[in-house]
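Chemist: Before I ask anything, let me first share the structure, which is written out below as structure tokens.
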Amino acid sequence: MAIPKVLGIETEYGIIVRGAAESNPIAASSTLINAYLTTLEQGLGGHRTQRVGWDFQDESPGIDARGEALLLSLAPEVETHLVNAVLTNGARYYVDHAHPEFSCPETADALSAVRFDRAGEEVLVRSMAAARSFLPDGEEIVVYKNNSDGKGNSYGCHENYLVDRAVPFGRIVLHATVHLVTRQVFTGSGKVGTETPLSDPDRVPFQLTQRADFFEEEVGLETTLKRPIINTRDEPHADAQKYRRLHVIAGDANMSETATLLKLGTTALVLAMLEDDEIGPAVGLARPVPAMHQVSRDLTLRAPLELDDHTTATALELQFGLLELAETYAARHGLEVLGPPEVGSAVLSGWRSVLEGLEVGPDEVADRVDWAAKRRLFEAYRDRHDIGWDDPRLRAMDLQYHDLRPDSSLSRRVGLRSVVTQEEVERAVTEPPDDTRAFFRGACLAKFSHDIVAANWDSIVFDTGESALHRVPMLEPSRGTRAHVGELIDRSATAQELIELLGR
Amino acid sequence: MEEVPPSSEAGDRIKADIDDLLDEIDEVLESNAEDFVKSYIQKGGE
């Protein structure tokens with residue numbers, strides 16, 4: 001039986017300081033996040049309530065955090081000087097390498113994940129506004145939700161899916177690779193040019209994805225170099241006997257909410273089909289890495305890919321094949337693993353609709369697929385100004401599509417359809433999802449932040465004034481929901497009371 | 001790059017929308033595209 005697909009999305013944002021002679025991206029990222037946290041604190045009467053740090057205990061694989069444990073030391077010294085906050089919506093907001101990163105709380109379905117991904121954008125927008133008062137006149141921090149600077153440097157938008165550990169990893173590799181390579185036809189955010197050293201830029205004026213250029217391996221542990229299509233990081237942040245967390249690094253950050261919904265929803269569905277062994281014959285791509293590049297560069301969507309049974313199929317044909325298997329699977333098993341019924345049906349019908357649209361042509365899906373929206377805009381601009389793809393104005397627009405400032409963002413102007421409301425997004429800025437352990441994390445932080453020393457994905461450490469700290473483990477991502485603990489948190493006047501109630 | 005077949009439906013209306021959009025974005029586009037593109041440098045991440 002497939003397990004509920006708890007999932008999450010984490011985004012590293014591009015960052016620049018406008019008006020500064022030179023700038024340090026790590027300092028700028030810290031300023032940005034600190035400015036946001038300071039604004040939150042001012043709103044709460046000046047208390048440093050939001051400065052609950054991240055607990056790095058979690059970052060060492062193999063540690064069993066079950067049961068109450070004495071915690072004698074906090075995070076390793078080396079990282080603690082960088083901002084690393086846990087928010088009341090259950091998210092982690094921190095400086096990762098030289099970028100601000102927003103890791104959404106765990107969500108129980110893809111639509112909820114879209115809400116929190118958009119809430120992440122909103123947090124970054126508010127952070128940019130807050131940072132103005134910390135910068136000299138004439139300087140402004142600007143963030144971009146993209147994955148490349150156009151000069152060979154990439155930063156990620158990662159997805160995480162809870163998978164039953166009983167599924168052999170080799171089967172995940174085979175089937176997930178086919179999906180990750182071919183789903184690019186609707187997950188791509190589009191990019192002018194190419195960043196692969198050996199390719200001729202004239203031959204790749206525009207491609208489907210930001211990221212494909214950076215993938216060099218089929219399977220591996222790396223994320224920053226020699227990037228693999230399937231990442232093998234085995235850190236479940238949950239009960240490792242039962243679960244695997246598939247960490248997907250092969251996607252683009254999307255401005256289109258529909259693209260994010262389908263990226264997460266279809267991938268979760270493919271993994272559920274794998275768990276139930278309903279994924280069809282084991283035919284893989286003969287050469288996944290060249291296929292990844294090829295799909296990204298083929299705007300016709302008609303170039304055949306070699307399969308390992310010596311036949312060929314196009315990316316669209318392979319996607320239709322997966323979709324049809326998914327439709328059969330849905331008829332047989334239902335789609336409860338994807339969350340509420342409306343989410344499963346939105347994913348399945350949205351998937352079909354976008355593939356059928358792509359079969360006609362990209363303009364059909366320009367209201368849902370980022371690369372198609374970008375391409376339509378850039379072609380019209382080229383037409384009006386009679387310029388080639390190498391014109392710097394197109395590269396500037398390519399960046400500005402992902403500019404998060406509402407007044408400058410091009411993606412806000414191209415007619416992309418919304419799937420969540422602004423009210424839902426604003427609620428998700430401060431409130432956690434009800435239906436995963438992120439509820440417990442966020443609700444505790446909102447009510448008991450003075451008594452929380454640190455938190456991470458699978459535990460919270462309380463200091464209630466006793467001699468020992470209390471670590472409350474959260475190894476089941478689907479527990480700690482509002483239904484499980486909402487009433488207990490409401491009833492508890494103090495963290496001590498809550499811990500006592502939880503222990504009963 | 002190979003030509004992508006034109007969309008069949010509602011083509012005129014979409015073209016009019018795009019024209020409006022192009023008028024609108026001219027006002028928000030980066031004023032010095034070349035300098036902006038050059039200055040947009042990121043460190044790799046992840």
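Ordering of the structure tokens sets the chain letters (A, B, ...), residue numbers begin anew at 1 in every chain, and ligands are numbered from 1 in the order given.
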Would you give me, as an NGL selection string, the residues of chain A that come within 8 Å of chain B, using only C-alpha atoms?
Modeler: :A and (12 or 14-16 or 25 or 96-99 or 148-149 or 151 or 153-156 or 203-205 or 223-224 or 299-300 or 360-364 or 377 or 380-381 or 392-393 or 395-397 or 399-400 or 407-408 or 410 or 413-414)
Chemist: Write out as JSON, numbers by chain which residues come within 12 Å of A:Leu323 when counting only C-alpha atoms, dropping same-chain ones fewer than 3 positions away.
Modeler: {"A": [179, 182, 183, 262, 265, 266, 267, 269, 270, 273, 279, 280, 316, 317, 318, 319, 320, 326, 327, 328, 329, 330, 347, 348, 349, 350, 351, 352, 353, 354, 355, 356]}
Chemist: Got time to write the residues from that selection, N, CA and C atoms, as a compact mmCIF listing (two decimals), in the first residue's frame?
Modeler:
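Saved to selection14.txt:
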# COMPACT_ATOMS: atom_id res chain seq x y z
N HIS A 179 10.51 10.02 -15.33
CA HIS A 179 9.60 11.13 -15.06
C HIS A 179 10.36 12.46 -14.94
N THR A 182 11.43 13.74 -18.37
CA THR A 182 10.38 14.11 -19.33
C THR A 182 9.39 15.13 -18.78
N ARG A 183 9.26 15.22 -17.46
CA ARG A 183 8.33 16.22 -16.90
C ARG A 183 8.83 17.64 -17.17
N LEU A 262 1.71 20.77 -10.42
CA LEU A 262 1.87 19.57 -11.24
C LEU A 262 3.24 18.92 -11.03
N GLY A 265 2.69 17.22 -7.63
CA GLY A 265 1.61 16.25 -7.65
C GLY A 265 1.90 15.05 -8.54
N THR A 266 2.43 15.30 -9.73
CA THR A 266 2.69 14.17 -10.63
C THR A 266 3.84 13.31 -10.09
N THR A 267 4.83 13.95 -9.50
CA THR A 267 5.97 13.18 -8.98
C THR A 267 5.53 12.33 -7.78
N LEU A 269 2.59 11.20 -7.34
CA LEU A 269 1.75 10.14 -7.89
C LEU A 269 2.61 9.01 -8.48
N VAL A 270 3.64 9.37 -9.22
CA VAL A 270 4.53 8.35 -9.78
C VAL A 270 5.15 7.52 -8.65
N MET A 273 2.58 5.13 -7.29
CA MET A 273 2.41 4.01 -8.23
C MET A 273 3.55 3.01 -8.08
N ILE A 279 3.38 0.68 -11.99
CA ILE A 279 4.05 1.69 -12.79
C ILE A 279 4.39 1.19 -14.20
N GLY A 280 3.94 -0.05 -14.50
CA GLY A 280 4.17 -0.52 -15.86
C GLY A 280 5.52 -1.17 -16.04
N LEU A 316 6.99 13.80 -24.67
CA LEU A 316 5.54 13.89 -24.52
C LEU A 316 4.90 12.51 -24.52
N GLU A 317 5.39 11.62 -25.40
CA GLU A 317 4.84 10.25 -25.43
C GLU A 317 5.09 9.54 -24.10
N LEU A 318 6.28 9.71 -23.55
CA LEU A 318 6.58 9.07 -22.27
C LEU A 318 5.70 9.65 -21.17
N GLN A 319 5.46 10.97 -21.22
CA GLN A 319 4.58 11.59 -20.23
C GLN A 319 3.14 11.07 -20.38
N PHE A 320 2.66 10.98 -21.61
CA PHE A 320 1.31 10.43 -21.81
C PHE A 320 1.23 8.99 -21.30
N ALA A 326 -1.27 6.38 -14.60
CA ALA A 326 -1.77 7.06 -13.40
C ALA A 326 -3.29 7.06 -13.39
N GLU A 327 -3.88 7.23 -14.56
CA GLU A 327 -5.36 7.23 -14.62
C GLU A 327 -5.90 5.84 -14.27
N THR A 328 -5.22 4.81 -14.76
CA THR A 328 -5.61 3.44 -14.40
C THR A 328 -5.44 3.22 -12.90
N TYR A 329 -4.30 3.70 -12.40
CA TYR A 329 -4.02 3.57 -10.97
C TYR A 329 -5.10 4.26 -10.14
N ALA A 330 -5.49 5.46 -10.56
CA ALA A 330 -6.50 6.23 -9.82
C ALA A 330 -7.83 5.49 -9.80
N VAL A 347 -4.66 17.35 -9.84
CA VAL A 347 -3.37 16.91 -10.37
C VAL A 347 -3.57 16.09 -11.64
N LEU A 348 -4.49 15.13 -11.56
CA LEU A 348 -4.68 14.23 -12.71
C LEU A 348 -5.25 14.99 -13.92
N SER A 349 -6.27 15.82 -13.69
CA SER A 349 -6.85 16.53 -14.84
C SER A 349 -5.91 17.63 -15.34
N GLY A 350 -5.20 18.26 -14.41
CA GLY A 350 -4.24 19.30 -14.82
C GLY A 350 -3.11 18.71 -15.65
N TRP A 351 -2.68 17.52 -15.27
CA TRP A 351 -1.60 16.82 -15.99
C TRP A 351 -2.04 16.55 -17.42
N ARG A 352 -3.24 15.96 -17.57
CA ARG A 352 -3.74 15.66 -18.92
C ARG A 352 -3.90 16.94 -19.74
N SER A 353 -4.47 17.94 -19.12
CA SER A 353 -4.75 19.18 -19.84
C SER A 353 -3.46 19.84 -20.34
N VAL A 354 -2.44 19.81 -19.51
CA VAL A 354 -1.21 20.48 -19.91
C VAL A 354 -0.48 19.67 -21.00
N LEU A 355 -0.54 18.35 -20.92
CA LEU A 355 0.10 17.53 -21.98
C LEU A 355 -0.65 17.69 -23.30
N GLU A 356 -1.98 17.69 -23.24
CA GLU A 356 -2.75 17.87 -24.47
C GLU A 356 -2.50 19.25 -25.07
Chemist: Would you return as a ChimeraX atom specification the members of stretch 264-394 of chain A that DSSP assigns to helix (DSSP H, G or I) on this structure's backbone?
Modeler: /A:264-275,288-297,315-333,336-338,341-360,362-365,370-385,392-394
Chemist: Would you mind listing what lies within 9 Å of A:Arg233 as a compact mmCIF listing (two decimals) with C-alpha atoms, in the first residue's frame, with only C-alpha atoms counted and same-chain residues fewer than 2 positions away left out?
Modeler:
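Output file result.txt follows:
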# COMPACT_ATOMS: atom_id res chain seq x y z
CA GLY A 220 24.86 10.37 -6.89
CA LEU A 221 25.17 12.19 -3.60
CA GLU A 222 26.35 15.57 -4.86
CA ASN A 231 20.13 12.37 -5.60
CA GLU A 235 18.42 11.60 5.47
CA PRO A 236 14.78 10.79 6.02
CA ARG A 245 12.92 10.93 1.78
CA LEU A 246 13.42 11.21 -1.95
CA HIS A 247 15.35 14.46 -2.36
